[in-house]
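Coordinates as given in work.csv (CSV, C-alpha atoms and all ligand atoms):
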```
chain,number,residue,atom,x,y,z
A,257,MET,CA,0.0,0.0,0.0
A,258,ALA,CA,2.9,2.4,0.8
A,259,ASP,CA,3.5,2.4,-3.0
A,260,LEU,CA,0.4,4.4,-3.4
A,261,PHE,CA,2.1,7.4,-1.8
A,262,ILE,CA,5.3,7.1,-3.7
A,263,GLU,CA,4.4,8.7,-7.0
A,264,GLN,CA,2.7,11.7,-5.6
A,265,ALA,CA,5.1,12.4,-2.6
A,266,LYS,CA,5.9,15.9,-3.8
A,267,GLN,CA,2.2,16.8,-4.3
A,268,TYR,CA,1.5,15.2,-0.9
A,269,SER,CA,4.1,17.4,0.9
A,270,GLU,CA,2.8,20.6,-0.7
A,271,THR,CA,-0.9,20.2,-0.3
A,272,ARG,CA,-1.7,18.1,2.8
A,273,PRO,CA,-2.8,20.2,5.8
A,274,SER,CA,-0.6,20.5,8.9
A,275,TYR,CA,-2.5,19.9,12.1
A,276,PRO,CA,-3.8,22.5,14.6
A,277,GLN,CA,-1.7,23.5,17.6
A,278,GLU,CA,-4.7,22.7,19.9
A,279,LEU,CA,-4.5,19.0,18.8
A,280,PHE,CA,-0.8,18.8,19.9
A,281,GLN,CA,-1.4,20.7,23.1
A,282,PHE,CA,-4.3,18.4,24.0
A,283,ILE,CA,-2.2,15.3,23.3
A,284,ALA,CA,0.9,16.6,25.1
A,285,SER,CA,-1.2,17.5,28.2
A,286,LYS,CA,-1.9,13.7,28.5
A,287,THR,CA,1.7,12.5,28.6
A,288,PRO,CA,3.5,13.1,32.0
A,289,SER,CA,6.9,13.5,30.4
A,290,HIS,CA,8.0,15.0,27.0
A,291,ASP,CA,11.0,13.0,26.0
A,292,LEU,CA,10.4,10.8,23.1
A,293,VAL,CA,7.7,10.4,20.4
A,294,TRP,CA,7.4,7.7,17.7
A,295,ASP,CA,5.4,9.2,14.8
A,296,VAL,CA,4.5,6.2,12.6
A,297,GLY,CA,3.6,6.7,8.9
A,298,THR,CA,5.1,10.1,9.3
A,299,GLY,CA,4.9,10.8,5.5
A,300,SER,CA,6.7,14.1,4.9
A,301,GLY,CA,6.7,14.9,8.6
A,302,GLN,CA,3.3,16.7,8.8
A,303,ALA,CA,2.9,15.9,12.5
A,304,ALA,CA,6.6,15.2,13.4
A,305,VAL,CA,7.5,18.9,12.9
A,306,SER,CA,4.9,20.1,15.4
A,307,LEU,CA,5.7,17.4,17.9
A,308,ALA,CA,9.4,18.4,17.8
A,309,LYS,CA,8.4,21.7,19.3
A,310,ILE,CA,7.0,20.0,22.4
A,311,TYR,CA,9.0,16.8,22.8
A,312,LYS,CA,12.8,16.5,23.1
A,313,ASN,CA,13.1,13.9,20.4
A,314,VAL,CA,10.9,12.5,17.7
A,315,VAL,CA,11.5,9.4,15.6
A,316,GLY,CA,9.4,9.6,12.4
A,317,THR,CA,9.1,6.3,10.5
A,318,ASP,CA,7.6,5.5,7.1
A,319,THR,CA,7.7,2.7,4.6
A,320,SER,CA,8.2,5.2,1.8
A,321,GLN,CA,11.7,6.8,1.5
A,322,LYS,CA,10.3,9.1,-1.1
A,323,GLN,CA,7.8,10.5,1.4
A,324,LEU,CA,10.6,11.0,3.9
A,325,ASP,CA,12.8,12.8,1.3
A,326,PHE,CA,10.3,15.7,1.4
A,327,ALA,CA,10.2,15.9,5.2
A,328,ALA,CA,11.5,19.0,6.9
A,329,LYS,CA,14.9,18.2,8.6
A,330,LEU,CA,15.1,19.3,12.2
A,331,PRO,CA,17.9,18.5,14.7
A,332,ASN,CA,15.6,16.6,17.1
A,333,VAL,CA,13.7,14.6,14.5
A,334,ARG,CA,15.2,11.4,13.2
A,335,TYR,CA,13.5,9.9,10.1
A,336,VAL,CA,13.8,6.2,9.4
A,337,CYS,CA,12.5,4.2,6.5
A,338,THR,CA,11.1,0.9,7.8
A,339,PRO,CA,9.6,-2.3,6.3
A,340,PRO,CA,5.8,-2.5,6.8
A,341,LYS,CA,6.2,-5.3,9.4
A,342,MET,CA,9.0,-5.1,11.9
A,343,SER,CA,10.3,-7.6,14.5
A,344,VAL,CA,10.7,-6.5,18.1
A,345,SER,CA,14.5,-6.5,17.6
A,346,GLU,CA,14.2,-4.3,14.5
A,347,ILE,CA,12.0,-1.9,16.5
A,348,GLU,CA,14.5,-1.9,19.4
A,349,HIS,CA,17.4,-1.3,16.9
A,350,SER,CA,15.9,1.4,14.7
A,351,ILE,CA,13.3,3.1,17.0
A,352,ALA,CA,13.7,2.8,20.7
A,353,PRO,CA,14.0,0.3,23.6
A,354,GLN,CA,11.1,-1.3,25.4
A,355,SER,CA,9.0,1.0,27.6
A,356,SER,CA,10.9,4.1,26.6
A,357,VAL,CA,8.4,6.1,24.5
A,358,ASP,CA,6.0,8.8,25.9
A,359,LEU,CA,3.8,9.0,22.9
A,360,VAL,CA,3.1,7.1,19.7
A,361,THR,CA,1.3,9.2,17.1
A,362,ILE,CA,-0.2,8.1,13.8
A,363,ALA,CA,-1.6,10.8,11.6
A,364,GLN,CA,-3.9,9.8,8.7
A,365,ALA,CA,-2.1,6.4,8.4
A,366,MET,CA,-3.4,3.9,11.0
A,367,HIS,CA,-6.1,2.5,8.7
A,368,TRP,CA,-3.3,1.1,6.5
A,369,PHE,CA,-1.7,-0.9,9.3
A,370,ASP,CA,-1.9,-4.5,10.4
A,371,LEU,CA,-3.5,-3.5,13.7
A,372,PRO,CA,-3.0,-6.5,15.9
A,373,THR,CA,0.7,-6.6,15.2
A,374,PHE,CA,1.0,-2.9,15.4
A,375,TYR,CA,-0.8,-2.6,18.8
A,376,ASP,CA,1.5,-5.3,20.3
A,377,GLN,CA,4.5,-3.1,19.3
A,378,VAL,CA,2.9,0.0,20.6
A,379,LYS,CA,2.3,-1.7,24.0
A,380,TRP,CA,5.9,-2.9,24.0
A,381,ILE,CA,7.4,0.4,23.3
A,382,LEU,CA,5.3,2.8,25.4
A,383,LYS,CA,6.2,3.7,29.0
A,384,LYS,CA,3.9,2.0,31.5
A,385,PRO,CA,1.2,2.9,32.6
A,386,ASN,CA,0.9,6.4,31.2
A,387,GLY,CA,2.4,6.1,27.7
A,388,VAL,CA,-0.1,7.5,25.2
A,389,ILE,CA,-1.2,6.5,21.7
A,390,ALA,CA,-2.8,9.2,19.6
A,391,ALA,CA,-4.2,8.3,16.2
A,392,TRP,CA,-6.1,10.6,14.0
A,393,CYS,CA,-7.6,10.9,10.6
A,394,TYR,CA,-9.2,13.7,8.6
A,395,THR,CA,-12.1,13.3,6.2
A,396,VAL,CA,-13.1,15.4,3.2
A,397,PRO,CA,-12.2,19.1,2.8
A,398,GLU,CA,-14.9,21.8,3.4
A,399,VAL,CA,-14.7,25.1,1.5
A,400,ASN,CA,-18.2,26.5,0.9
A,401,PRO,CA,-21.5,24.9,-0.1
A,402,GLN,CA,-21.0,25.4,-3.8
A,403,ILE,CA,-17.6,23.8,-4.0
A,404,ASP,CA,-18.5,21.2,-1.4
A,405,SER,CA,-21.4,20.0,-3.5
A,406,VAL,CA,-19.2,19.5,-6.6
A,407,PHE,CA,-16.7,17.8,-4.3
A,408,GLN,CA,-19.3,15.4,-2.8
A,409,ARG,CA,-20.4,14.2,-6.2
A,410,PHE,CA,-16.8,13.7,-7.3
A,411,TYR,CA,-15.8,12.0,-4.1
A,412,SER,CA,-18.8,9.7,-3.6
A,413,VAL,CA,-19.4,8.9,-7.3
A,414,ASP,CA,-16.4,9.4,-9.6
A,415,SER,CA,-13.6,8.5,-7.2
A,416,HIS,CA,-15.6,6.0,-5.2
A,417,PRO,CA,-14.5,2.8,-7.1
A,418,TYR,CA,-10.9,3.6,-6.6
A,419,TRP,CA,-10.7,3.9,-2.8
A,420,GLU,CA,-9.4,0.9,-1.0
A,421,GLN,CA,-11.6,-0.7,1.6
A,422,GLU,CA,-9.5,0.8,4.5
A,423,ARG,CA,-10.9,4.3,3.5
A,424,ASP,CA,-14.2,3.3,5.1
A,425,LEU,CA,-12.6,3.6,8.5
A,426,VAL,CA,-11.7,7.2,7.7
A,427,ASP,CA,-15.2,8.0,6.3
A,428,LEU,CA,-16.5,6.7,9.7
A,429,LYS,CA,-14.2,9.1,11.5
A,430,TYR,CA,-12.3,6.2,13.2
A,431,LYS,CA,-15.4,5.5,15.3
A,432,THR,CA,-15.3,1.8,14.4
A,433,ILE,CA,-11.5,1.2,14.3
A,434,ASP,CA,-10.3,-1.3,16.9
A,435,PHE,CA,-8.6,0.7,19.7
A,436,PRO,CA,-7.7,-1.4,22.7
A,437,PHE,CA,-6.4,1.3,25.1
A,438,GLU,CA,-7.6,2.9,28.3
A,439,PRO,CA,-9.0,6.5,28.3
A,440,VAL,CA,-6.4,9.1,29.2
A,441,ASP,CA,-6.8,11.1,32.4
A,442,GLY,CA,-9.7,13.6,32.3
A,443,VAL,CA,-11.5,11.9,29.4
A,444,ASP,CA,-14.0,9.1,29.9
A,445,HIS,CA,-13.7,7.6,26.4
A,446,THR,CA,-11.0,7.1,23.7
A,447,GLY,CA,-12.7,9.3,21.1
A,448,PRO,CA,-13.1,10.3,18.4
A,449,ILE,CA,-12.6,13.8,19.5
A,450,GLU,CA,-13.0,16.5,16.8
A,451,PHE,CA,-10.5,19.2,15.8
A,452,LYS,CA,-10.1,21.2,12.7
A,453,ALA,CA,-7.1,21.6,10.4
A,454,GLU,CA,-7.0,24.4,7.9
A,455,LYS,CA,-5.0,25.2,4.8
A,456,LEU,CA,-5.0,28.2,2.5
A,457,MET,CA,-5.4,27.0,-1.1
A,458,ASP,CA,-5.9,28.3,-4.6
A,459,LEU,CA,-7.7,26.1,-7.1
A,460,ASP,CA,-4.4,24.6,-8.4
A,461,GLY,CA,-3.5,23.6,-4.9
A,462,TYR,CA,-6.9,22.0,-4.4
A,463,PHE,CA,-6.5,20.0,-7.6
A,464,THR,CA,-3.0,19.0,-6.5
A,465,TYR,CA,-4.4,17.8,-3.1
A,466,ILE,CA,-6.9,15.6,-5.1
A,467,ARG,CA,-4.0,14.2,-7.2
A,468,SER,CA,-2.2,13.3,-3.9
A,469,TRP,CA,-5.0,10.8,-3.1
A,470,SER,CA,-4.2,7.1,-3.1
A,471,ALA,CA,-7.5,6.7,-5.1
A,472,TYR,CA,-6.3,9.1,-7.8
A,473,GLN,CA,-3.1,7.1,-8.0
A,474,ILE,CA,-5.0,3.8,-8.3
A,475,ALA,CA,-7.3,5.2,-11.0
A,476,LYS,CA,-4.3,6.6,-12.9
A,477,GLY,CA,-2.7,3.1,-12.7
A,478,LYS,CA,-5.8,1.7,-14.4
A,479,GLY,CA,-5.6,4.3,-17.2
A,480,VAL,CA,-8.5,6.5,-15.7
A,481,GLU,CA,-8.1,10.3,-15.3
A,482,LEU,CA,-10.4,11.3,-12.5
A,483,LEU,CA,-10.0,15.0,-13.1
A,484,THR,CA,-11.6,15.1,-16.5
A,485,ASP,CA,-12.1,18.4,-18.4
A,486,ALA,CA,-15.7,18.4,-17.3
A,487,VAL,CA,-14.9,17.8,-13.6
A,488,LEU,CA,-12.2,20.5,-13.8
A,489,GLU,CA,-14.7,22.9,-15.3
A,490,ASN,CA,-17.3,22.2,-12.6
A,491,PHE,CA,-14.8,22.9,-9.9
A,492,LYS,CA,-13.5,26.0,-11.7
A,493,VAL,CA,-17.0,27.5,-11.9
A,494,ALA,CA,-17.7,26.8,-8.2
A,495,TRP,CA,-14.3,28.1,-7.1
A,496,ASN,CA,-14.5,31.3,-9.0
A,497,ALA,CA,-18.1,32.2,-8.0
A,498,ASP,CA,-17.0,34.4,-5.1
A,499,GLY,CA,-14.2,36.1,-7.0
A,500,LYS,CA,-11.5,35.1,-4.5
A,501,SER,CA,-8.7,32.9,-5.8
A,502,GLN,CA,-7.4,31.8,-2.4
A,503,LYS,CA,-9.7,30.1,0.2
A,504,ILE,CA,-9.4,28.5,3.6
A,505,VAL,CA,-10.0,24.8,3.2
A,506,THR,CA,-11.0,23.0,6.4
A,507,PHE,CA,-10.4,19.4,7.1
A,508,PRO,CA,-12.3,17.9,10.1
A,509,VAL,CA,-9.8,15.8,12.2
A,510,TYR,CA,-10.9,12.9,14.4
A,511,LEU,CA,-8.6,11.8,17.2
A,512,ARG,CA,-8.6,8.5,19.1
A,513,ILE,CA,-6.4,8.7,22.2
A,514,GLY,CA,-5.7,6.3,25.0
A,515,LYS,CA,-3.0,5.1,27.4
A,516,VAL,CA,-1.4,1.8,27.6
A,517,GLY,CA,-2.4,1.2,31.3
A,518,LEU,CA,-1.3,-1.4,33.8
A,519,SER,CA,-3.1,-4.4,32.2
A,520,ASN,CA,-1.1,-4.2,29.0
B,601,LIG,C1,-1.9,9.4,4.2
B,601,LIG,S1,-0.1,9.3,4.5
B,601,LIG,C2,0.0,10.2,6.1
B,601,LIG,C3,1.3,11.0,6.2
B,601,LIG,C4,1.4,12.0,7.3
B,601,LIG,N1,1.4,11.3,8.6
B,601,LIG,C5,0.3,13.0,7.3
B,601,LIG,O1,-0.3,13.2,8.4
B,601,LIG,O2,0.0,13.6,6.3
B,601,LIG,C6,0.1,7.6,5.1
B,601,LIG,C7,1.6,7.3,5.2
B,601,LIG,O3,1.6,6.0,5.9
B,601,LIG,C8,2.7,5.3,5.3
B,601,LIG,N2,2.6,3.9,5.6
B,601,LIG,C9,1.7,3.0,5.1
B,601,LIG,N3,1.8,1.8,5.7
B,601,LIG,C10,2.8,1.9,6.6
B,601,LIG,C11,3.3,1.0,7.6
B,601,LIG,N4,2.9,-0.2,7.7
B,601,LIG,N5,4.3,1.5,8.4
B,601,LIG,C12,4.7,2.8,8.3
B,601,LIG,N6,4.2,3.7,7.4
B,601,LIG,C13,3.3,3.3,6.6
B,601,LIG,C14,2.7,5.7,3.8
B,601,LIG,O4,3.9,5.5,3.1
B,601,LIG,C15,2.3,7.2,3.9
B,601,LIG,O5,3.4,8.0,3.9
```
Please go through the file and, once you have read it, give me the structure as structure tokens.
Ligand SMILES: C[S@@+](CC[C@H](N)C(=O)[O-])C[C@H]1O[C@@H](n2cnc3c(N)ncnc32)[C@H](O)[C@@H]1O
Amino acid sequence: MADLFIEQAKQYSETRPSYPQELFQFIASKTPSHDLVWDVGTGSGQAAVSLAKIYKNVVGTDTSQKQLDFAAKLPNVRYVCTPPKMSVSEIEHSIAPQSSVDLVTIAQAMHWFDLPTFYDQVKWILKKPNGVIAAWCYTVPEVNPQIDSVFQRFYSVDSHPYWEQERDLVDLKYKTIDFPFEPVDGVDHTGPIEFKAEKLMDLDGYFTYIRSWSAYQIAKGKGVELLTDAVLENFKVAWNADGKSQKIVTFPVYLRIGKVGLSN
């Protein structure tokens, strides 16, 4: 699956939203210490860069070297390209020792993982009992009713056959994703908790965001261009209706958060 993100790594790094400060502040308020984070499926470091302002060290891992090539380099962020499945000794060698990590984050990536194996690794690497896992996804962009209605048709009809089944977990806001962790202090559930990410975009940026989808890549691989002239025209008319070339695009973000607890 990681291959789906290779071709469009550049578009990905340019057009995906970065996440709001409130999200990171909320998560950080739930980890007693701020030493080490493992950001899994880090992509081009969309979350790692913000985490590096709060935590002493961040290890960002991804199965795609091409994604990592576009990540911002910071002195306290170490990027590692990993295989999709790692043994405990590989984790110990390339990420961190057992019970040493304050926080594991997964931004818009956990639906791709083999969850039972991944959760065993998370439980192995997190500090006990207060090590925290925070996994979030974001769903479709919101701009204004006119653009969003063109988008809805495009998303739910044109692009629909090319999304992998895992996308259903995102459409359902991670409500149904298996999440075997205890609620963090001060919260009586593990989410989803809603935040909002925003990005200023022009129409070209909006199209580039669509081209960065795995579904767009899959369709292209089958010889199908999803952004046909007719679709481009529909978006163009809707986008230009208010006469403003740049617009704030909002992505609703849904966070699942839990701690490892004593029983794990
Ligand atoms: C949608 S991108 C998210 C990137 C970034 N975290 C963000 O918030 O934009 C999903 C990323 O997960 C990576 N990925 C997929 N399966 C993986 C796995 N088993 N282990 C690590 N990374 C994986 C892909 O290469 C891709 O960069």
Within 10 Å of ligand LIG 601 (chain B), counting all atoms listed in the file, residues as an NGL selection string: :A and (257-262 or 265 or 268-269 or 271-275 or 295-304 or 316-324 or 327 or 336-342 or 361-371 or 374 or 391-394 or 468-470)
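The two atoms in question, CA of Ser412 (chain A) and CA of Phe451 (chain A), are spaced 23.1 Å apart.
Among the candidate residues A:Thr484, A:Asn496, A:Thr395, A:Ser356, the one lying nearest to Phe410 (chain A) is A:Thr484, with distances computed using only C-alpha atoms.
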d(CA of Arg423 (chain A), CA of Asn400 (chain A)) in Å: 23.5 Å
Å distance separating CA of Glu398 (chain A) from CA of Asp325 (chain A), one decimal place: 29.2 Å
Selection near Ile283 (chain A), 8 Å with all atoms listed in the file, sequence-local residues under 4 positions removed, as a PyMOL selection string: chain A and resi 279+287+390+513
Among the residues A:Ala475, A:Ile347, A:Ala308, A:Val360, the one that comes closest to Pro417 (chain A) [using only C-alpha atoms]: A:Ala475
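The residue that comes closest to Gln473 (chain A), out of A:Asp485, A:Glu420, A:Asp404, A:Asp427 and on the basis of only C-alpha atoms, is A:Glu420.
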Scan for residues within 12 Å of the point (-18.1, 25.3, -1.9) in the coordinates of the file, using only C-alpha atoms, and reply as an mmCIF file with C-alpha atoms, in the coordinates of the input.
```
data_model
loop_
_atom_site.group_PDB
_atom_site.id
_atom_site.type_symbol
_atom_site.label_atom_id
_atom_site.label_comp_id
_atom_site.auth_asym_id
_atom_site.auth_seq_id
_atom_site.Cartn_x
_atom_site.Cartn_y
_atom_site.Cartn_z
ATOM 1 C CA PRO A 397 -12.200 19.100 2.800
ATOM 2 C CA GLU A 398 -14.900 21.800 3.400
ATOM 3 C CA VAL A 399 -14.700 25.100 1.500
ATOM 4 C CA ASN A 400 -18.200 26.500 0.900
ATOM 5 C CA PRO A 401 -21.500 24.900 -0.100
ATOM 6 C CA GLN A 402 -21.000 25.400 -3.800
ATOM 7 C CA ILE A 403 -17.600 23.800 -4.000
ATOM 8 C CA ASP A 404 -18.500 21.200 -1.400
ATOM 9 C CA SER A 405 -21.400 20.000 -3.500
ATOM 10 C CA VAL A 406 -19.200 19.500 -6.600
ATOM 11 C CA PHE A 407 -16.700 17.800 -4.300
ATOM 12 C CA GLN A 408 -19.300 15.400 -2.800
ATOM 13 C CA LEU A 459 -7.700 26.100 -7.100
ATOM 14 C CA TYR A 462 -6.900 22.000 -4.400
ATOM 15 C CA ASN A 490 -17.300 22.200 -12.600
ATOM 16 C CA PHE A 491 -14.800 22.900 -9.900
ATOM 17 C CA LYS A 492 -13.500 26.000 -11.700
ATOM 18 C CA VAL A 493 -17.000 27.500 -11.900
ATOM 19 C CA ALA A 494 -17.700 26.800 -8.200
ATOM 20 C CA TRP A 495 -14.300 28.100 -7.100
ATOM 21 C CA ASN A 496 -14.500 31.300 -9.000
ATOM 22 C CA ALA A 497 -18.100 32.200 -8.000
ATOM 23 C CA ASP A 498 -17.000 34.400 -5.100
ATOM 24 C CA LYS A 503 -9.700 30.100 0.200
ATOM 25 C CA ILE A 504 -9.400 28.500 3.600
ATOM 26 C CA VAL A 505 -10.000 24.800 3.200
ATOM 27 C CA THR A 506 -11.000 23.000 6.400
#
```
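Distances here use all atoms listed in the file; by that measure, the residue among A:Gln421, A:Thr373, A:Lys384, A:Leu330 closest to Gln354 (chain A) is A:Lys384.
Distances here use all atoms listed in the file; by that measure, the residue among A:Ser355, A:Gln267, A:Ser350, A:Ser345 closest to Gly387 (chain A) is A:Ser355.
Between Val388 (chain A) and the residues A:Leu359, A:Val413, A:Val487, A:Ala328, the shortest atom-to-atom distance, using all atoms listed in the file, involves A:Leu359.
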